[in-house]
$ cat entry.cif   # mmCIF, C-alpha atoms
data_query
#
loop_
_atom_site.label_atom_id
_atom_site.label_comp_id
_atom_site.auth_asym_id
_atom_site.auth_seq_id
_atom_site.Cartn_x
_atom_site.Cartn_y
_atom_site.Cartn_z
CA VAL C 242 132.89 92.33 31.34
CA ALA C 243 135.95 94.44 32.12
CA ALA C 244 137.67 92.90 29.10
CA ALA C 245 134.77 93.98 26.89
CA ALA C 246 135.10 97.55 28.11
CA ALA C 247 137.46 99.56 25.98
CA SER C 248 139.30 102.78 26.60
CA SER C 249 138.36 105.87 24.62
CA THR C 250 141.31 105.30 22.26
CA THR C 251 140.53 101.65 21.53
CA PRO C 252 137.73 100.86 19.12
CA SER C 253 135.17 98.62 20.78
CA TRP C 254 132.83 96.06 19.31
CA THR C 255 129.08 96.36 19.57
CA GLN C 256 126.63 93.50 19.73
CA GLN C 257 125.73 94.27 16.13
CA ASP C 258 129.42 94.03 15.13
CA VAL C 259 129.63 90.57 16.70
CA MET C 260 126.40 89.48 15.02
CA ASP C 261 127.61 90.80 11.66
CA PHE C 262 130.91 88.96 12.05
CA ALA C 263 129.07 85.78 13.05
CA SER C 264 126.88 86.13 9.95
CA SER C 265 129.99 86.38 7.77
CA GLN C 266 131.04 83.03 9.28
CA GLY C 267 127.69 81.35 8.55
CA LEU C 268 126.13 81.87 11.99
CA ASN C 269 122.95 83.65 12.96
CA LEU C 270 123.15 84.95 16.54
CA THR C 271 119.95 86.18 18.13
CA PHE C 272 119.82 88.06 21.41
CA SER C 273 116.75 88.45 23.61
CA THR C 274 115.94 89.72 27.08
CA LEU C 275 113.07 89.32 29.49
CA GLY C 276 113.38 91.48 32.58
CA PRO C 277 116.89 90.94 33.93
CA GLY C 278 117.27 87.68 31.97
CA TYR C 279 119.04 87.34 28.63
CA ARG C 280 119.66 84.64 26.06
CA VAL C 281 121.86 84.36 22.97
CA VAL C 282 121.14 81.57 20.48
CA ALA C 283 123.44 80.48 17.63
CA ARG C 284 121.85 78.94 14.55
CA ALA C 285 123.31 77.86 11.23
CA LEU C 286 122.67 80.58 8.66
CA HIS C 287 121.97 77.98 5.96
CA ASP C 288 119.47 76.12 8.20
CA PRO C 289 117.69 78.33 10.79
CA GLU C 290 116.18 75.23 12.43
CA LEU C 291 119.68 73.96 13.32
CA ILE C 292 120.46 75.32 16.80
CA LEU C 293 124.20 75.11 17.41
CA GLY C 294 124.43 76.57 20.90
CA TYR C 295 123.17 79.13 23.37
CA CYS C 296 124.12 81.16 26.42
CA GLU C 297 121.77 82.53 29.06
CA GLY C 298 121.80 84.28 32.39
CA PHE C 299 120.67 87.45 34.11
CA VAL C 300 121.92 90.76 35.43
CA ARG C 301 121.90 90.97 39.22
CA PRO C 302 120.16 94.15 40.34
CA PRO C 303 121.90 97.10 42.03
CA PRO C 304 123.95 97.50 44.06
CA GLN C 305 125.78 94.42 42.73
CA ARG C 306 125.25 94.83 38.96
CA ILE C 307 126.97 91.52 38.17
CA LEU C 308 126.48 89.71 34.89
CA HIS C 309 125.47 86.20 35.97
CA LEU C 310 126.34 83.72 33.18
CA ASP C 311 124.08 80.85 34.07
CA LYS C 312 124.53 78.42 31.21
CA MET C 313 126.40 78.02 27.94
CA GLU C 314 126.09 75.03 25.68
CA VAL C 315 127.63 74.42 22.28
CA PHE C 316 126.35 71.33 20.52
CA ARG C 317 129.56 70.04 18.96
CA LYS C 318 127.87 67.42 16.75
CA LYS C 319 125.47 70.06 15.42
CA VAL C 320 128.43 72.37 14.68
CA GLN C 321 130.10 69.56 12.73
CA GLN C 322 126.82 68.85 10.93
CA ALA C 323 126.51 72.52 9.96
CA SER C 324 130.05 72.48 8.64
CA ARG C 325 129.33 69.43 6.47
CA GLU C 326 125.96 70.64 5.15
CA SER C 327 126.60 74.31 4.49
CA GLY C 328 128.43 74.02 1.18
CA GLY C 329 131.27 76.15 2.49
CA GLN C 330 129.05 78.88 3.93
CA PHE C 331 129.70 77.84 7.55
CA GLN C 332 133.17 79.08 8.55
CA VAL C 333 133.27 78.38 12.29
CA ARG C 334 136.08 75.90 12.75
CA SER C 335 134.75 72.38 12.69
CA GLY C 336 135.46 70.53 15.89
CA SER C 337 136.17 73.70 17.86
CA SER C 338 133.44 74.61 20.31
CA PHE C 339 135.45 77.47 21.75
CA GLY C 340 135.12 79.62 18.61
CA MET C 341 131.36 79.75 18.87
CA GLY C 342 131.50 79.90 22.67
CA LEU C 343 133.70 82.96 22.36
CA LEU C 344 131.13 84.72 20.15
CA LEU C 345 128.26 83.78 22.49
CA GLY C 346 130.25 84.97 25.50
CA LEU C 347 131.19 88.24 23.81
CA VAL C 348 127.55 89.07 23.09
CA CYS C 349 126.78 88.40 26.77
CA ALA C 350 129.73 90.50 27.95
CA LEU C 351 128.65 93.40 25.75
CA HIS C 352 125.15 93.14 27.20
CA GLY C 353 126.66 93.30 30.69
CA GLN C 354 128.67 96.35 29.69
CA SER C 355 125.51 98.05 28.37
CA GLN C 356 123.84 97.32 31.73
CA ASN C 357 126.77 98.90 33.64
CA CYS C 358 127.94 95.58 35.08
CA ARG C 359 131.43 95.76 36.52
CA ASP C 360 131.91 92.00 36.88
CA ALA C 361 130.81 88.74 35.31
CA GLU C 362 130.45 85.50 37.23
CA PHE C 363 129.90 81.92 36.22
CA LEU C 364 130.30 78.43 37.60
CA ALA C 365 132.56 76.03 35.72
CA ILE C 366 130.35 73.04 36.41
CA ASP C 367 132.07 69.95 37.77
CA ASP C 368 129.97 67.13 36.35
CA ARG C 369 132.87 65.53 34.45
CA PRO C 370 136.42 66.04 35.82
CA GLU C 371 138.17 66.41 32.44
CA GLN C 372 135.59 68.91 31.12
CA HIS C 373 135.74 70.85 34.40
CA ARG C 374 139.54 71.09 34.16
CA LYS C 375 139.30 72.36 30.57
CA LEU C 376 136.65 74.96 31.47
CA VAL C 377 138.67 76.33 34.39
CA GLN C 378 141.85 76.44 32.30
CA TYR C 379 140.13 78.16 29.36
CA TYR C 380 138.43 80.82 31.46
CA LYS C 381 141.57 81.49 33.51
CA ARG C 382 143.37 82.20 30.21
CA SER C 383 140.45 84.47 29.30
CA GLY C 384 141.04 86.62 32.39
CA PHE C 385 138.67 85.08 34.92
CA ASP C 386 139.82 84.54 38.50
CA ILE C 387 138.87 81.61 40.68
CA ILE C 388 136.71 82.75 43.58
CA LYS C 389 136.14 79.38 45.24
CA TYR C 390 135.06 75.82 44.71
CA VAL C 391 131.35 75.28 45.35
CA GLY C 392 131.05 71.76 46.71
CA ASP C 393 128.82 69.52 48.76
CA ASP C 394 129.51 71.15 52.14
CA ILE C 395 126.65 72.65 54.11
CA GLY C 396 128.27 76.08 53.79
CA ASP C 397 127.98 75.82 49.99
CA ILE C 398 124.21 75.33 49.99
CA PRO C 399 123.43 79.00 49.18
CA ASP C 400 125.82 78.96 46.20
CA ARG C 401 124.45 75.63 45.01
CA LEU C 402 120.94 77.06 45.10
CA VAL C 403 122.09 80.00 42.96
CA TRP C 404 124.21 77.98 40.53
CA GLY C 405 122.44 74.63 40.51
CA GLY C 406 125.49 72.44 41.05
CA CYS C 407 129.06 71.98 42.15
CA GLY C 408 132.02 73.55 40.41
CA THR C 409 134.51 76.38 40.36
CA LEU C 410 133.03 79.85 40.81
CA MET C 411 134.91 82.33 38.61
CA ARG C 412 134.75 86.10 38.17
CA GLN C 413 136.15 88.71 35.84
#

$ encode --input "entry.cif" --output "structure tokens"
Amino acid sequence: VAAAAASSTTPSWTQQDVMDFASSQGLNLTFSTLGPGYRVVARALHDPELILGYCEGFVRPPPQRILHLDKMEVFRKKVQQASRESGGQFQVRSGSSFGMGLLLGLVCALHGQSQNCRDAEFLAIDDRPEQHRKLVQYYKRSGFDIIKYVGDDIGDIPDRLVWGGCGTLMRQ
């Protein structure tokens, strides 16, 4: 969230800017909220039924005001399908889930900024060791810090109830 915040001399992106850019790449991003919850869905512009990925979470209420990124999924095979079927309209790099994940994450970060969140938190889920390692590495490069590993210990039960699994808790 801090990375999405810009100084007064730096132009900043709006959610609409991100959605317009995504549209120029053949993506339709939709953003919705319900109470403190939010969701961003990516669809292929040439085929609105083709869902390519999504991100969802909620804003923790004051005094914390933390953007809780609960889940992000990019359906790599669907992204590759969109690339093949679009006739050149779909410009998101085929085979790269991080390009779309970056756009989904930016929309979420901008929402957090608009809600006066100072931090964003998420759990790099540890259901497959190689994927977990890649997630932690990617988000560390993106400016997130490791808070702790949420494991199977009895002391981790509260965090597991919040996050729904084991993994590396990260914050920016």

$ closest_atom_pairs --input "entry.cif" --of "region 339-410 of chain C" --to "region 292-306 of chain C" --cutoff "12 Å" --atoms "only C-alpha atoms" --output "CSV"
residue,atom,partner,partner_atom,distance
C:Phe339,CA,C:Gly294,CA,11.1
C:Gly340,CA,C:Gly294,CA,11.4
C:Met341,CA,C:Gly294,CA,7.9
C:Gly342,CA,C:Gly294,CA,8.0
C:Leu343,CA,C:Cys296,CA,10.6
C:Leu344,CA,C:Cys296,CA,10.1
C:Leu345,CA,C:Cys296,CA,6.3
C:Gly346,CA,C:Cys296,CA,7.3
C:Leu347,CA,C:Cys296,CA,10.3
C:Val348,CA,C:Cys296,CA,9.2
C:Cys349,CA,C:Cys296,CA,7.7
C:Ala350,CA,C:Val300,CA,10.8
C:His352,CA,C:Val300,CA,9.2
C:Gly353,CA,C:Val300,CA,7.2
C:Gln354,CA,C:Arg306,CA,10.0
C:Ser355,CA,C:Val300,CA,10.8
C:Gln356,CA,C:Val300,CA,7.8
C:Asn357,CA,C:Arg306,CA,6.9
C:Cys358,CA,C:Arg306,CA,4.8
C:Arg359,CA,C:Arg306,CA,6.7
C:Asp360,CA,C:Arg306,CA,7.5
C:Ala361,CA,C:Arg306,CA,9.0
C:Glu362,CA,C:Gly298,CA,10.0
C:Phe363,CA,C:Gly298,CA,9.3
C:Leu364,CA,C:Gly298,CA,11.6
C:Val403,CA,C:Gly298,CA,11.4
C:Trp404,CA,C:Gly298,CA,10.6

$ atom_distance --input "entry.cif" --atom1 "CA of Gln266 (chain C)" --atom2 "CA of Gln330 (chain C)"
7.1 Å

$ closest_residue --input "entry.cif" --among "C:Glu314, C:Asp368, C:Phe262, C:Cys407" --to "Gly392 (chain C)" --atoms "all atoms listed in the file"
C:Cys407

$ resolve_selection --input "entry.cif" --expression "the PyMOL selection byres ((chain C and resi 377-386) around 9)" --output "PyMOL selection string"
chain C and resi 244+339+361-362+365+372-376+387-388+409-413

$ closest_residue --input "entry.cif" --among "C:Arg369, C:Arg325, C:Gln332, C:Val282" --to "Ser265 (chain C)" --atoms "only C-alpha atoms"
C:Gln332

$ residues_around --input "entry.cif" --residues "Asn269 (chain C)" --least-positions-apart "3" --cutoff "9 Å" --atoms "all atoms listed in the file" --output "number ranges by chain"
C: 260-261, 263-264, 266, 282-286, 289

$ atom_distance --input "entry.cif" --atom1 "CA of Ile307 (chain C)" --atom2 "CA of Gly405 (chain C)"
17.6 Å

$ closest_residue --input "entry.cif" --among "C:Gly406, C:Arg317, C:Leu351, C:Val391" --to "Thr255 (chain C)" --atoms "only C-alpha atoms"
C:Leu351

$ closest_residue --input "entry.cif" --among "C:Ile395, C:Glu371, C:Ile366, C:Leu310" --to "Gly408 (chain C)" --atoms "all atoms listed in the file"
C:Ile366

$ atom_distance --input "entry.cif" --atom1 "CA of Gly328 (chain C)" --atom2 "CA of Gly267 (chain C)"
10.4 Å
